[in-house]
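Participant: This is target36.cif (mmCIF, C-alpha atoms).
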data_final
loop_
_atom_site.label_atom_id
_atom_site.label_comp_id
_atom_site.auth_asym_id
_atom_site.auth_seq_id
_atom_site.Cartn_x
_atom_site.Cartn_y
_atom_site.Cartn_z
CA MET M 1 23.23 -65.06 57.96
CA THR M 2 21.85 -64.39 61.41
CA HIS M 3 18.36 -63.34 62.20
CA GLY M 4 19.74 -59.98 63.46
CA THR M 5 21.44 -59.23 60.12
CA THR M 6 18.24 -59.88 58.24
CA VAL M 7 16.33 -57.47 60.46
CA VAL M 8 18.97 -54.77 59.95
CA ARG M 9 18.85 -55.25 56.18
CA LEU M 10 15.11 -55.08 56.23
CA LEU M 11 15.23 -51.87 58.21
CA MET M 12 17.75 -50.39 55.74
CA ILE M 13 15.53 -51.24 52.80
CA LEU M 14 12.51 -49.73 54.52
CA LEU M 15 14.55 -46.60 55.32
CA LEU M 16 15.64 -46.26 51.69
CA ILE M 17 12.08 -46.67 50.50
CA GLY M 18 11.02 -44.03 53.02
CA VAL M 19 13.69 -41.57 51.89
CA CYS M 20 12.77 -42.12 48.26
CA ALA M 21 9.07 -41.69 48.97
CA PHE M 22 9.76 -38.49 50.92
CA VAL M 23 11.86 -36.95 48.15
CA THR M 24 9.33 -37.98 45.52
CA GLN M 25 6.47 -36.55 47.53
CA ALA M 26 8.32 -33.30 48.13
CA GLN M 27 9.22 -32.81 44.50
CA SER M 28 6.22 -34.06 42.56
CA GLN M 29 3.55 -31.93 44.16
CA THR M 30 1.48 -29.66 41.99
CA SER M 31 2.65 -26.12 42.56
CA PRO M 32 0.05 -23.46 41.88
CA PRO M 33 1.77 -20.95 44.18
CA HIS M 34 4.58 -20.58 41.62
CA HIS M 35 4.25 -17.16 40.01
CA ALA M 36 7.31 -16.84 37.85
CA HIS M 37 6.64 -14.41 35.03
CA LEU M 38 9.81 -15.02 33.13
CA ASP M 39 8.12 -15.22 29.74
CA VAL M 40 5.83 -12.19 30.15
CA VAL M 41 6.72 -9.35 27.83
CA THR M 42 5.74 -5.88 29.04
CA VAL M 43 5.38 -2.98 26.62
CA ASP M 44 5.48 0.21 28.67
CA GLY M 45 3.98 3.15 26.81
CA GLY M 46 5.82 5.45 29.21
CA GLN M 47 9.10 4.24 27.71
CA THR M 48 8.07 3.37 24.15
CA PRO M 49 4.71 4.99 23.28
CA ASP M 50 5.17 4.12 19.60
CA ALA M 51 5.06 0.42 20.55
CA ILE M 52 1.44 0.80 21.67
CA PRO M 53 -0.71 0.15 18.56
CA ASP M 54 -3.33 2.78 17.72
CA SER M 55 -6.14 0.20 17.80
CA LEU M 56 -5.23 -0.77 21.37
CA ALA M 57 -4.77 2.84 22.49
CA TYR M 58 -8.16 3.82 21.09
CA ARG M 59 -9.80 0.78 22.68
CA LEU M 60 -8.47 1.60 26.15
CA TYR M 61 -9.26 5.29 25.79
CA LEU M 62 -12.79 4.71 24.47
CA LEU M 63 -13.45 2.22 27.27
CA SER M 64 -12.17 4.54 29.96
CA VAL M 65 -14.01 7.65 28.78
CA SER M 66 -17.30 5.96 27.87
CA THR M 67 -20.20 5.30 30.20
CA THR M 68 -23.07 2.85 30.15
CA SER M 69 -26.41 4.02 28.79
CA ASN M 70 -27.57 4.72 32.37
CA PRO M 71 -24.68 6.70 33.85
CA THR M 72 -24.67 7.90 37.45
CA ASP M 73 -23.94 11.54 38.32
CA ASP M 74 -20.39 10.50 39.18
CA ASP M 75 -20.03 8.78 35.80
CA ARG M 76 -21.16 11.95 34.02
CA ALA M 77 -18.85 14.18 36.07
CA ARG M 78 -15.93 11.87 35.32
CA GLN M 79 -16.69 11.77 31.62
CA ASN M 80 -17.12 15.53 31.42
CA SER M 81 -13.78 16.09 33.12
CA GLN M 82 -12.09 13.63 30.76
CA LEU M 83 -13.62 15.25 27.69
CA LEU M 84 -12.63 18.69 28.96
CA LYS M 85 -9.05 17.76 28.16
CA LEU M 86 -9.94 17.59 24.47
CA GLY M 87 -11.14 21.19 24.22
CA LEU M 88 -13.89 20.34 21.72
CA PRO M 89 -16.68 22.70 20.63
CA GLU M 90 -19.93 21.90 22.44
CA LYS M 91 -21.62 20.44 19.36
CA ASP M 92 -18.78 17.99 18.76
CA ARG M 93 -18.58 17.17 22.46
CA GLN M 94 -22.23 16.15 22.51
CA GLN M 95 -21.79 14.09 19.37
CA LEU M 96 -18.75 12.39 20.90
CA VAL M 97 -20.72 11.49 24.04
CA ALA M 98 -23.35 9.79 21.87
CA ILE M 99 -20.66 7.88 19.94
CA LEU M 100 -19.04 6.79 23.20
CA THR M 101 -22.32 5.53 24.66
CA ASP M 102 -22.95 3.49 21.53
CA PHE M 103 -19.42 2.09 21.60
CA ARG M 104 -19.76 1.05 25.23
CA TYR M 105 -23.10 -0.65 24.66
CA GLN M 106 -21.73 -2.64 21.75
CA TYR M 107 -18.48 -3.47 23.55
CA ASP M 108 -20.25 -4.77 26.65
CA SER M 109 -22.67 -6.78 24.49
CA LEU M 110 -19.81 -8.31 22.52
CA VAL M 111 -17.89 -9.27 25.67
CA ASN M 112 -21.00 -10.71 27.34
CA ARG M 113 -21.83 -12.80 24.29
CA TYR M 114 -18.30 -14.16 24.05
CA ASN M 115 -18.07 -14.88 27.78
CA THR M 116 -21.37 -16.76 27.76
CA ALA M 117 -20.18 -18.92 24.88
CA ALA M 118 -16.71 -19.38 26.40
CA THR M 119 -18.19 -20.48 29.73
CA ALA M 120 -20.34 -23.09 28.00
CA THR M 121 -17.42 -24.34 25.90
CA GLN M 122 -15.15 -24.56 28.90
CA ALA M 123 -17.73 -26.48 30.91
CA LEU M 124 -17.51 -29.16 28.22
CA GLY M 125 -13.79 -29.40 28.77
CA GLN M 126 -12.95 -27.63 25.52
CA GLN M 127 -10.82 -24.56 24.90
CA PRO M 128 -12.76 -21.56 23.54
CA ASP M 129 -11.34 -19.97 20.38
CA PRO M 130 -11.29 -16.19 20.86
CA THR M 131 -10.14 -15.39 17.30
CA VAL M 132 -13.52 -14.24 15.97
CA PHE M 133 -14.29 -12.29 19.14
CA LEU M 134 -10.97 -10.44 19.07
CA GLN M 135 -11.52 -9.52 15.42
CA GLN M 136 -15.01 -8.23 16.22
CA ARG M 137 -13.61 -6.26 19.14
CA ASP M 138 -11.00 -4.58 16.95
CA ASP M 139 -13.58 -4.01 14.19
CA LEU M 140 -15.76 -2.21 16.72
CA VAL M 141 -12.92 0.09 17.68
CA GLN M 142 -12.25 0.83 14.01
CA SER M 143 -15.92 1.49 13.23
CA THR M 144 -16.06 3.88 16.20
CA ARG M 145 -13.06 5.75 14.83
CA ASP M 146 -14.82 5.86 11.46
CA ALA M 147 -17.91 7.30 13.17
CA LEU M 148 -15.76 10.01 14.71
CA GLN M 149 -14.44 10.92 11.26
CA ARG M 150 -17.97 11.12 9.88
CA LEU M 151 -19.79 12.87 12.69
CA ILE M 152 -17.45 15.44 14.24
CA SER M 153 -15.31 18.13 12.67
CA ALA M 154 -11.88 17.39 11.28
CA ASP M 155 -10.33 19.68 13.88
CA SER M 156 -12.03 17.74 16.69
CA VAL M 157 -10.97 14.40 15.18
CA SER M 158 -7.43 15.71 15.16
CA ARG M 159 -7.70 16.79 18.81
CA VAL M 160 -8.99 13.37 19.84
CA HIS M 161 -6.21 11.64 17.91
CA THR M 162 -3.51 13.85 19.42
CA HIS M 163 -4.89 13.22 22.88
CA VAL M 164 -5.01 9.43 22.43
CA GLN M 165 -1.41 9.46 21.17
CA GLY M 166 -0.39 11.35 24.32
CA GLU M 167 -2.27 8.91 26.53
CA LYS M 168 -0.16 6.00 25.23
CA LYS M 169 2.41 6.88 27.85
CA ARG M 170 -0.12 5.79 30.49
CA MET M 171 -0.73 2.40 28.86
CA LYS M 172 0.99 -0.96 29.25
CA ILE M 173 0.66 -4.30 27.47
CA TYR M 174 1.45 -7.66 29.06
CA THR M 175 1.74 -10.76 26.84
CA GLY M 176 3.28 -14.19 27.17
CA GLY M 177 3.32 -17.07 29.59
CA ALA M 178 3.14 -17.19 33.35
CA GLN M 179 2.99 -20.00 35.85
CA MET Z 1 31.45 -52.46 55.89
CA ARG Z 2 27.78 -52.75 56.60
CA TYR Z 3 27.45 -48.94 56.91
CA ALA Z 4 29.47 -48.33 53.74
CA ARG Z 5 27.09 -50.55 51.81
CA PHE Z 6 24.17 -48.70 53.33
CA LEU Z 7 25.61 -45.31 52.30
CA ILE Z 8 26.14 -46.51 48.74
CA LEU Z 9 22.57 -47.78 48.57
CA LEU Z 10 21.31 -44.46 50.00
CA LEU Z 11 23.25 -42.54 47.35
CA ILE Z 12 21.84 -44.72 44.58
CA ALA Z 13 18.35 -44.29 46.00
CA LEU Z 14 18.68 -40.49 46.12
CA ILE Z 15 19.98 -40.35 42.55
CA GLY Z 16 17.11 -42.59 41.51
CA CYS Z 17 14.63 -40.42 43.31
CA LYS Z 18 16.05 -37.34 41.62
CA GLY Z 19 14.14 -38.49 38.55
CA ALA Z 20 11.03 -37.55 40.47
CA GLN Z 21 12.04 -33.90 40.15
CA ALA Z 22 10.76 -33.98 36.60
CA GLN Z 23 7.35 -35.10 37.84
CA ILE Z 24 6.10 -31.59 38.37
CA CYS Z 25 2.79 -30.34 37.15
CA PHE Z 26 1.41 -26.86 37.62
CA TYR Z 27 -1.01 -24.40 36.07
CA GLN Z 28 0.38 -22.17 33.38
CA TYR Z 29 -1.22 -19.16 31.74
CA SER Z 30 -0.94 -17.40 28.44
CA LEU Z 31 -1.60 -13.71 29.09
CA ASN Z 32 -2.82 -10.87 26.92
CA TYR Z 33 -3.70 -7.92 29.14
CA ALA Z 34 -3.51 -4.16 28.76
CA THR Z 35 -3.78 -1.47 31.42
CA TYR Z 36 -4.48 2.26 31.28
CA ASN Z 37 -4.40 4.82 34.07
CA SER Z 38 -5.91 8.28 33.67
CA GLU Z 39 -6.70 11.35 35.71
CA SER Z 40 -8.91 14.39 35.15
CA PHE Z 41 -10.31 17.42 36.96
CA ASP Z 42 -13.89 18.69 36.76
CA GLY Z 43 -13.36 22.03 38.50
CA THR Z 44 -13.76 20.75 42.05
CA ARG Z 45 -12.94 17.05 42.08
CA ILE Z 46 -9.99 15.02 40.83
CA HIS Z 47 -11.02 11.79 39.09
CA THR Z 48 -8.69 8.82 38.64
CA SER Z 49 -9.26 5.58 36.75
CA VAL Z 50 -7.32 2.31 36.54
CA LEU Z 51 -8.46 0.02 33.74
CA THR Z 52 -7.53 -3.63 33.08
CA ASP Z 53 -8.66 -5.20 29.81
CA GLY Z 54 -7.81 -8.55 28.25
CA ALA Z 55 -7.82 -12.29 28.76
CA ALA Z 56 -5.72 -15.32 29.61
CA SER Z 57 -5.86 -18.97 28.70
CA MET Z 58 -4.96 -21.66 31.20
CA SER Z 59 -3.51 -25.15 30.89
CA VAL Z 60 -1.62 -27.75 32.91
CA HIS Z 61 2.13 -27.96 32.50
CA ASN Z 62 2.84 -31.64 32.88
CA THR Z 63 6.23 -33.33 32.95
CA GLY Z 64 5.50 -36.85 34.02
CA CYS Z 65 2.76 -36.29 36.59
CA PRO Z 66 0.41 -39.21 37.13
CA ASP Z 67 -2.52 -39.13 34.71
CA ALA Z 68 -4.97 -38.98 37.57
CA VAL Z 69 -3.39 -35.78 38.91
CA VAL Z 70 -3.33 -34.15 35.48
CA THR Z 71 -6.94 -35.11 34.84
CA GLN Z 72 -7.93 -33.69 38.21
CA MET Z 73 -6.15 -30.41 37.45
CA GLU Z 74 -7.66 -30.20 33.95
CA ASN Z 75 -11.13 -30.80 35.35
CA ALA Z 76 -10.51 -28.02 37.85
CA ILE Z 77 -9.82 -25.62 34.95
CA ASN Z 78 -13.25 -26.33 33.48
CA THR Z 79 -14.97 -24.94 36.55
CA ALA Z 80 -12.31 -22.43 37.65
CA THR Z 81 -12.91 -18.68 37.48
CA HIS Z 82 -10.74 -15.60 37.07
CA TYR Z 83 -11.41 -12.10 38.33
CA PRO Z 84 -9.53 -8.84 37.86
CA SER Z 85 -8.58 -6.48 40.66
CA SER Z 86 -7.37 -2.91 40.20
CA TYR Z 87 -5.74 -0.76 42.84
CA ASN Z 88 -6.57 2.93 42.67
CA LYS Z 89 -5.90 5.02 45.77
CA ILE Z 90 -5.60 8.80 45.66
CA GLY Z 91 -4.58 10.31 48.96
CA SER Z 92 -6.54 8.29 51.49
CA VAL Z 93 -9.45 7.58 49.14
CA GLY Z 94 -9.94 4.29 47.29
CA GLY Z 95 -8.00 1.04 47.28
CA TRP Z 96 -8.64 -2.34 45.70
CA GLY Z 97 -11.67 -2.93 43.53
CA SER Z 98 -12.56 -6.22 41.91
CA GLY Z 99 -14.52 -7.18 38.83
CA SER Z 100 -16.85 -10.14 38.66
CA SER Z 101 -15.57 -13.70 38.34
CA SER Z 102 -15.83 -15.42 34.98
CA CYS Z 103 -14.46 -18.49 33.24
CA VAL Z 104 -10.69 -18.78 32.81
CA SER Z 105 -10.81 -17.99 29.08
CA CYS Z 106 -13.40 -15.24 29.46
CA TYR Z 107 -12.59 -11.66 28.53
CA LEU Z 108 -12.05 -9.35 31.49
CA SER Z 109 -12.59 -5.62 31.41
CA PHE Z 110 -12.63 -3.80 34.70
CA GLU Z 111 -12.10 -0.18 35.76
CA ASN Z 112 -11.63 1.06 39.31
CA ASP Z 113 -12.74 4.73 39.47
CA GLN Z 114 -12.09 7.07 42.38
CA SER Z 115 -12.50 10.79 42.99
CA VAL Z 116 -11.37 13.22 45.65
CA LEU Z 117 -12.08 16.88 46.36
CA ASP Z 118 -9.16 19.06 45.32
CA ASN Z 119 -7.64 20.92 48.28
CA GLY Z 120 -4.62 22.48 46.61
CA THR Z 121 -2.19 19.86 47.84
CA VAL Z 122 -0.23 17.15 46.08
CA PHE Z 123 -1.96 13.76 46.24
CA ALA Z 124 -0.10 10.47 46.19
CA TRP Z 125 -1.75 8.22 43.62
CA ALA Z 126 -1.09 4.48 44.05
CA ILE Z 127 -1.85 2.31 41.03
CA GLY Z 128 -1.76 -1.46 40.63
CA GLY Z 129 -3.64 -4.54 39.58
CA GLU Z 130 -3.75 -8.27 39.38
CA VAL Z 131 -5.81 -11.15 38.02
CA ILE Z 132 -6.72 -13.95 40.41
CA CYS Z 133 -7.59 -17.57 39.55
CA SER Z 134 -9.85 -19.55 41.88
CA VAL Z 135 -7.66 -22.64 41.64
CA GLY Z 136 -4.25 -21.29 40.64
CA GLY Z 137 -3.98 -18.16 42.77
CA THR Z 138 -2.48 -15.06 41.21
CA VAL Z 139 -2.47 -15.32 37.44
CA PHE Z 140 -0.55 -12.09 37.08
CA ASN Z 141 0.37 -9.11 39.21
CA PHE Z 142 0.86 -5.87 37.32
CA GLY Z 143 2.92 -4.40 40.17
CA THR Z 144 2.18 -1.25 42.13
CA ILE Z 145 3.52 2.23 41.43
CA THR Z 146 2.93 5.60 43.05
CA ASP Z 147 2.49 8.76 41.02
CA TYR Z 148 1.65 12.24 42.30
CA ILE Z 149 -1.21 14.50 41.23
CA GLU Z 150 -1.94 18.19 41.65
CA VAL Z 151 -4.33 20.75 40.23
CA ALA Z 152 -2.28 23.81 39.32
CA HIS Z 153 -3.40 27.41 38.80
CA THR Z 154 -1.32 29.97 36.90
CA ARG Z 155 -1.96 33.53 35.68
CA GLU Z 156 -0.62 34.18 32.21
CA ALA Z 157 0.24 37.55 30.64
CA SER Z 158 -0.19 37.75 26.88
CA THR Z 159 2.90 38.58 24.81
CA GLY Z 160 0.62 39.51 21.93
CA VAL Z 161 2.38 37.08 19.59
CA GLN Z 162 -0.24 35.21 17.57
CA SER Z 163 0.07 32.03 15.50
CA SER Z 164 -2.07 29.39 13.78
CA CYS Z 165 -4.93 31.82 13.23
CA HIS Z 166 -7.98 30.30 11.57
CA TRP Z 167 -11.62 31.08 10.87
CA LEU Z 168 -14.09 28.81 12.60
CA THR Z 169 -16.67 27.02 10.51
CA GLY Z 170 -20.25 28.11 11.15
CA PRO Z 171 -22.64 30.96 10.47
CA LEU Z 172 -20.70 33.46 12.62
CA LYS Z 173 -17.49 35.04 11.47
CA ILE Z 174 -15.10 34.12 14.28
CA GLU Z 175 -11.32 33.93 14.16
CA ASP Z 176 -9.22 32.06 16.69
CA CYS Z 177 -5.47 32.32 17.21
CA ASN Z 178 -2.87 30.77 19.47
CA ILE Z 179 -1.46 33.50 21.70
CA ALA Z 180 1.88 33.22 23.49
CA SER Z 181 2.17 34.21 27.14
CA THR Z 182 4.46 34.40 30.15
CA PRO Z 183 3.60 33.47 33.75
CA PHE Z 184 2.37 36.35 35.94
CA CYS Z 185 2.76 35.01 39.48
CA THR Z 186 3.93 36.41 42.82
CA ALA Z 187 7.65 36.18 43.51
CA PRO Z 188 7.40 33.30 46.01
CA THR Z 189 5.36 31.26 43.51
CA SER Z 190 7.64 31.88 40.54
CA PRO Z 191 8.34 29.98 38.46
CA PRO Z 192 4.99 28.22 38.77
CA ASP Z 193 4.49 24.49 38.26
CA LEU Z 194 2.16 25.15 35.33
CA HIS Z 195 2.95 27.26 32.28
CA LEU Z 196 1.01 26.39 29.15
CA THR Z 197 1.72 28.52 26.12
CA PRO Z 198 0.38 29.33 23.60
CA THR Z 199 -3.33 29.40 24.45
CA GLU Z 200 -6.09 29.47 21.85
CA TRP Z 201 -8.31 32.57 22.06
CA GLU Z 202 -10.90 34.25 19.90
CA VAL Z 203 -9.34 37.33 18.32
CA TYR Z 204 -12.26 38.46 16.14
CA PRO Z 205 -14.82 39.92 16.64
CA VAL Z 206 -14.08 39.83 20.39
CA PRO Z 207 -10.48 40.83 21.06
CA PRO Z 208 -8.39 38.48 23.23
CA PRO Z 209 -7.66 39.22 26.90
CA ASN Z 210 -4.33 40.58 28.08
CA PHE Z 211 -4.27 38.20 31.06
CA TRP Z 212 -5.85 34.88 31.76
CA ASP Z 213 -5.89 32.22 34.48
CA THR Z 214 -5.25 28.62 33.53
CA VAL Z 215 -6.12 25.51 35.54
CA ALA Z 216 -4.79 22.06 34.66
CA ILE Z 217 -4.26 18.72 36.30
CA GLY Z 218 -0.71 17.42 36.39
CA VAL Z 219 1.09 14.20 37.24
CA ARG Z 220 4.66 13.45 38.17
CA PHE Z 221 6.31 10.12 38.76
CA SER Z 222 8.35 10.96 41.88
CA THR Z 223 8.07 13.42 44.76
CA THR Z 224 10.40 15.91 43.13
CA GLY Z 225 10.20 15.09 39.42
CA ALA Z 226 8.94 17.31 36.62
CA TRP Z 227 5.18 17.89 36.35
CA HIS Z 228 3.38 16.72 33.24
CA PHE Z 229 0.19 18.68 32.57
CA SER Z 230 -2.65 17.90 30.24
CA ARG Z 231 -4.63 20.53 28.33
CA GLY Z 232 -5.79 23.24 30.72
CA VAL Z 233 -8.88 25.38 30.94
CA SER Z 234 -8.37 29.15 30.73
CA SER Z 235 -10.59 32.07 31.66
CA PRO Z 236 -9.85 35.80 31.15
CA TYR Z 237 -8.50 37.80 34.09
CA ILE Z 238 -10.19 41.17 33.82
CA VAL Z 239 -8.15 44.04 35.20
CA PRO Z 240 -10.45 46.70 36.70
CA ILE Z 241 -10.23 50.04 34.90
CA GLY Z 242 -7.67 52.30 36.50
CA GLN Z 243 -5.98 49.49 38.40
CA SER Z 244 -2.84 47.47 37.80
CA PRO Z 245 -3.03 43.73 37.23
CA ASN Z 246 -2.21 41.65 40.29
CA PRO Z 247 0.07 38.66 40.01
CA LEU Z 248 -1.47 35.42 41.23
CA ASN Z 249 -0.27 33.16 44.02
CA CYS Z 250 0.29 30.39 41.52
CA THR Z 251 0.65 26.73 42.39
CA LYS Z 252 4.23 25.81 43.19
CA HIS Z 253 5.26 22.39 44.45
CA PRO Z 254 8.85 21.94 43.30
#
Could you write out this file's structure as structure tokens?
Facilitator:
Amino acid sequence: MTHGTTVVRLLMILLLIGVCAFVTQAQSQTSPPHHAHLDVVTVDGGQTPDAIPDSLAYRLYLLSVSTTSNPTDDDRARQNSQLLKLGLPEKDRQQLVAILTDFRYQYDSLVNRYNTAATATQALGQQPDPTVFLQQRDDLVQSTRDALQRLISADSVSRVHTHVQGEKKRMKIYTGGAQ
Amino acid sequence: MRYARFLILLLIALIGCKGAQAQICFYQYSLNYATYNSESFDGTRIHTSVLTDGAASMSVHNTGCPDAVVTQMENAINTATHYPSSYNKIGSVGGWGSGSSSCVSCYLSFENDQSVLDNGTVFAWAIGGEVICSVGGTVFNFGTITDYIEVAHTREASTGVQSSCHWLTGPLKIEDCNIASTPFCTAPTSPPDLHLTPTEWEVYPVPPPNFWDTVAIGVRFSTTGAWHFSRGVSSPYIVPIGQSPNPLNCTKHP
């Protein structure tokens, strides 16, 4: 074996190592820009309103129509225009506004408490368990519906319920995995 | 012969390297979001809202990545943040709005509100949203759609047919009924976009009007599709004594 042959073989081996390293590098990178949503299931209330659960529909509606305890003039105008769609007697409308303000205060408090705890848990490298929070969230929606039943007339409760059912067509749910 | 051996070795090397394909690690999310879009009219302004509510969890999908890389990515999750963005643009007003950043498992609830003065035209209403991760980029994009909004006015003429009459609860003796009607619009604006019937009116002790004007906000999902109106607000149209009722130039955007 000549010295020249050895050099050529050495070069070949180095080339092969280089090719392998290049392919490995190109294929083993982390890939956060991937945004395939193949496993995400979308429930479109516009197509299948019955597939939107009442508890979710009420939660979204109550959130959207409620204001904080210190609403701006714009917040009040928006809320008034949203409540106008219900056609409630003035007494029931005022009672509903009070129920909505209470709901929003409790909802924001609940979310803030959970997020504070979740942030602390995550900082320790642990995964927060949202089970209790989600149950409390749904319980709050149910107790708000119960308050409606107690505090406004049956006709107004019926109007609110009919309206929320109609609003399901403007709601969507996204669940599943994404990457 | 030397080159043939080289090609065989190259082929073996490439096949061997193909195993590296499995060494992919990336962030993956488990989503649970809900969105709700709504519109309303306060008499002068149109209000629109786009709400995003929910949460995601985040982990590292790992198929053979070096431990050091996985550990680095997992550590990044512990300090990463997510924030929601909602797109709400009516006519030329509004656009993207973003909620505050919070931990990747935190619960997000954000609403982008906009309003615009009604001018009798049809407004394009663009709606969308996404959730962004500080280390993983877009967690999820809800897509963007364009709906169309108008505030419609229609004059209704009572047919006199009453239904669902009921006495209101309270100290006063008041009876309400649903009263059927037909549109009463000028020829060029007939048929109008909006025709809501029946309409609930007091029939006792104050008799119901013969004509009334109804205003309602409507949405359609294409430039020429059917309008979908929510509950309207009606006020009596009083015909002066000795005069004939005038049809209204009703809203018509076919």
Participant: I want to know what sits within 10 Å of Val151 (chain Z), based on all atoms listed in the file, with residues of the same chain fewer than 2 positions away left out; could you give that as a VMD selection string?
Facilitator: chain Z and resid 40 to 41 43 to 46 118 to 123 149 153 193 to 194 215 to 219 229 232 251
Participant: Identify all chain Z residues at most 7 Å from chain M by counting all atoms listed in the file; ligands do not count. Present them as an MDAnalysis selection string.
Facilitator: chainID Z and resid 10 13:14 17 20:21 23:37 40:42 47 51 78:79 103 105:107 136:137 230:232
Participant: Save the residues we just selected, C-alpha atoms, as a PDB file, keeping the file's coordinate frame?
Facilitator:
ATOM      1  CA  LEU Z  10      21.310 -44.460  50.000  1.00  0.00           C
ATOM      2  CA  ALA Z  13      18.350 -44.290  46.000  1.00  0.00           C
ATOM      3  CA  LEU Z  14      18.680 -40.490  46.120  1.00  0.00           C
ATOM      4  CA  CYS Z  17      14.630 -40.420  43.310  1.00  0.00           C
ATOM      5  CA  ALA Z  20      11.030 -37.550  40.470  1.00  0.00           C
ATOM      6  CA  GLN Z  21      12.040 -33.900  40.150  1.00  0.00           C
ATOM      7  CA  GLN Z  23       7.350 -35.100  37.840  1.00  0.00           C
ATOM      8  CA  ILE Z  24       6.100 -31.590  38.370  1.00  0.00           C
ATOM      9  CA  CYS Z  25       2.790 -30.340  37.150  1.00  0.00           C
ATOM     10  CA  PHE Z  26       1.410 -26.860  37.620  1.00  0.00           C
ATOM     11  CA  TYR Z  27      -1.010 -24.400  36.070  1.00  0.00           C
ATOM     12  CA  GLN Z  28       0.380 -22.170  33.380  1.00  0.00           C
ATOM     13  CA  TYR Z  29      -1.220 -19.160  31.740  1.00  0.00           C
ATOM     14  CA  SER Z  30      -0.940 -17.400  28.440  1.00  0.00           C
ATOM     15  CA  LEU Z  31      -1.600 -13.710  29.090  1.00  0.00           C
ATOM     16  CA  ASN Z  32      -2.820 -10.870  26.920  1.00  0.00           C
ATOM     17  CA  TYR Z  33      -3.700  -7.920  29.140  1.00  0.00           C
ATOM     18  CA  ALA Z  34      -3.510  -4.160  28.760  1.00  0.00           C
ATOM     19  CA  THR Z  35      -3.780  -1.470  31.420  1.00  0.00           C
ATOM     20  CA  TYR Z  36      -4.480   2.260  31.280  1.00  0.00           C
ATOM     21  CA  ASN Z  37      -4.400   4.820  34.070  1.00  0.00           C
ATOM     22  CA  SER Z  40      -8.910  14.390  35.150  1.00  0.00           C
ATOM     23  CA  PHE Z  41     -10.310  17.420  36.960  1.00  0.00           C
ATOM     24  CA  ASP Z  42     -13.890  18.690  36.760  1.00  0.00           C
ATOM     25  CA  HIS Z  47     -11.020  11.790  39.090  1.00  0.00           C
ATOM     26  CA  LEU Z  51      -8.460   0.020  33.740  1.00  0.00           C
ATOM     27  CA  ASN Z  78     -13.250 -26.330  33.480  1.00  0.00           C
ATOM     28  CA  THR Z  79     -14.970 -24.940  36.550  1.00  0.00           C
ATOM     29  CA  CYS Z 103     -14.460 -18.490  33.240  1.00  0.00           C
ATOM     30  CA  SER Z 105     -10.810 -17.990  29.080  1.00  0.00           C
ATOM     31  CA  CYS Z 106     -13.400 -15.240  29.460  1.00  0.00           C
ATOM     32  CA  TYR Z 107     -12.590 -11.660  28.530  1.00  0.00           C
ATOM     33  CA  GLY Z 136      -4.250 -21.290  40.640  1.00  0.00           C
ATOM     34  CA  GLY Z 137      -3.980 -18.160  42.770  1.00  0.00           C
ATOM     35  CA  SER Z 230      -2.650  17.900  30.240  1.00  0.00           C
ATOM     36  CA  ARG Z 231      -4.630  20.530  28.330  1.00  0.00           C
ATOM     37  CA  GLY Z 232      -5.790  23.240  30.720  1.00  0.00           C
TER      38      GLY Z 232
END
Participant: Excluding Phe142 (chain Z) and any residue of its chain fewer than 5 positions from it, enumerate the residues within 7 Å of it, using all atoms listed in the file, and give them as a list in words.
Facilitator: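 After dropping sequence-adjacent residues, the list is Gly128, Gly129 and Glu130 of chain Z.
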Participant: Just want the 10 Å neighbourhood of Glu175 (chain Z), counted on all atoms listed in the file, with same-chain residues fewer than 4 positions away dropped. Output as a PyMOL selection string.
Facilitator: chain Z and resi 165-169+201-207
Participant: If you keep C-alpha atoms, can you produce a file of those selected residues as a JSON list (two decimals), in the coordinates of the input?
Facilitator:
[["chain", "number", "residue", "atom", "x", "y", "z"],
["Z", 165, "CYS", "CA", -4.93, 31.82, 13.23],
["Z", 166, "HIS", "CA", -7.98, 30.30, 11.57],
["Z", 167, "TRP", "CA", -11.62, 31.08, 10.87],
["Z", 168, "LEU", "CA", -14.09, 28.81, 12.60],
["Z", 169, "THR", "CA", -16.67, 27.02, 10.51],
["Z", 201, "TRP", "CA", -8.31, 32.57, 22.06],
["Z", 202, "GLU", "CA", -10.90, 34.25, 19.90],
["Z", 203, "VAL", "CA", -9.34, 37.33, 18.32],
["Z", 204, "TYR", "CA", -12.26, 38.46, 16.14],
["Z", 205, "PRO", "CA", -14.82, 39.92, 16.64],
["Z", 206, "VAL", "CA", -14.08, 39.83, 20.39],
["Z", 207, "PRO", "CA", -10.48, 40.83, 21.06]]
Participant: Suppose you want the space between CA of Ala68 (chain Z) and CA of Ser134 (chain Z); what is it in Å?
Facilitator: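 We find that CA of Ala68 (chain Z) and CA of Ser134 (chain Z) lie 20.5 Å from each other.
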Participant: What is the CA of Arg159 (chain M)-CA of Arg93 (chain M) distance in Å, reported with one decimal?
Facilitator: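 Separating CA of Arg159 (chain M) from CA of Arg93 (chain M) is a distance of 11.5 Å.
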Participant: One number please: CA of Gln149 (chain M) to CA of Gln165 (chain M), in Å, one decimal.
Facilitator: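 Value for the CA of Gln149 (chain M)-CA of Gln165 (chain M) distance: 16.4 Å.
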Participant: How would you write, as a ChimeraX atom specification, the residues chosen by the PyMOL selection byres ((chain Z and resi 156-162) around 10) on this structure?
Facilitator: /Z:153-155,163-165,176-185,194-201,203,208-214,234,236-237,245,247-248
Participant: Counting only C-alpha atoms, figure out which residue out of Z:Asn246, Z:Phe140, Z:Gly170, Z:Glu150 gets nearest to Pro89 (chain M).
Facilitator: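 Once distances to Pro89 (chain M) are computed over only C-alpha atoms, the minimum belongs to Z:Gly170.
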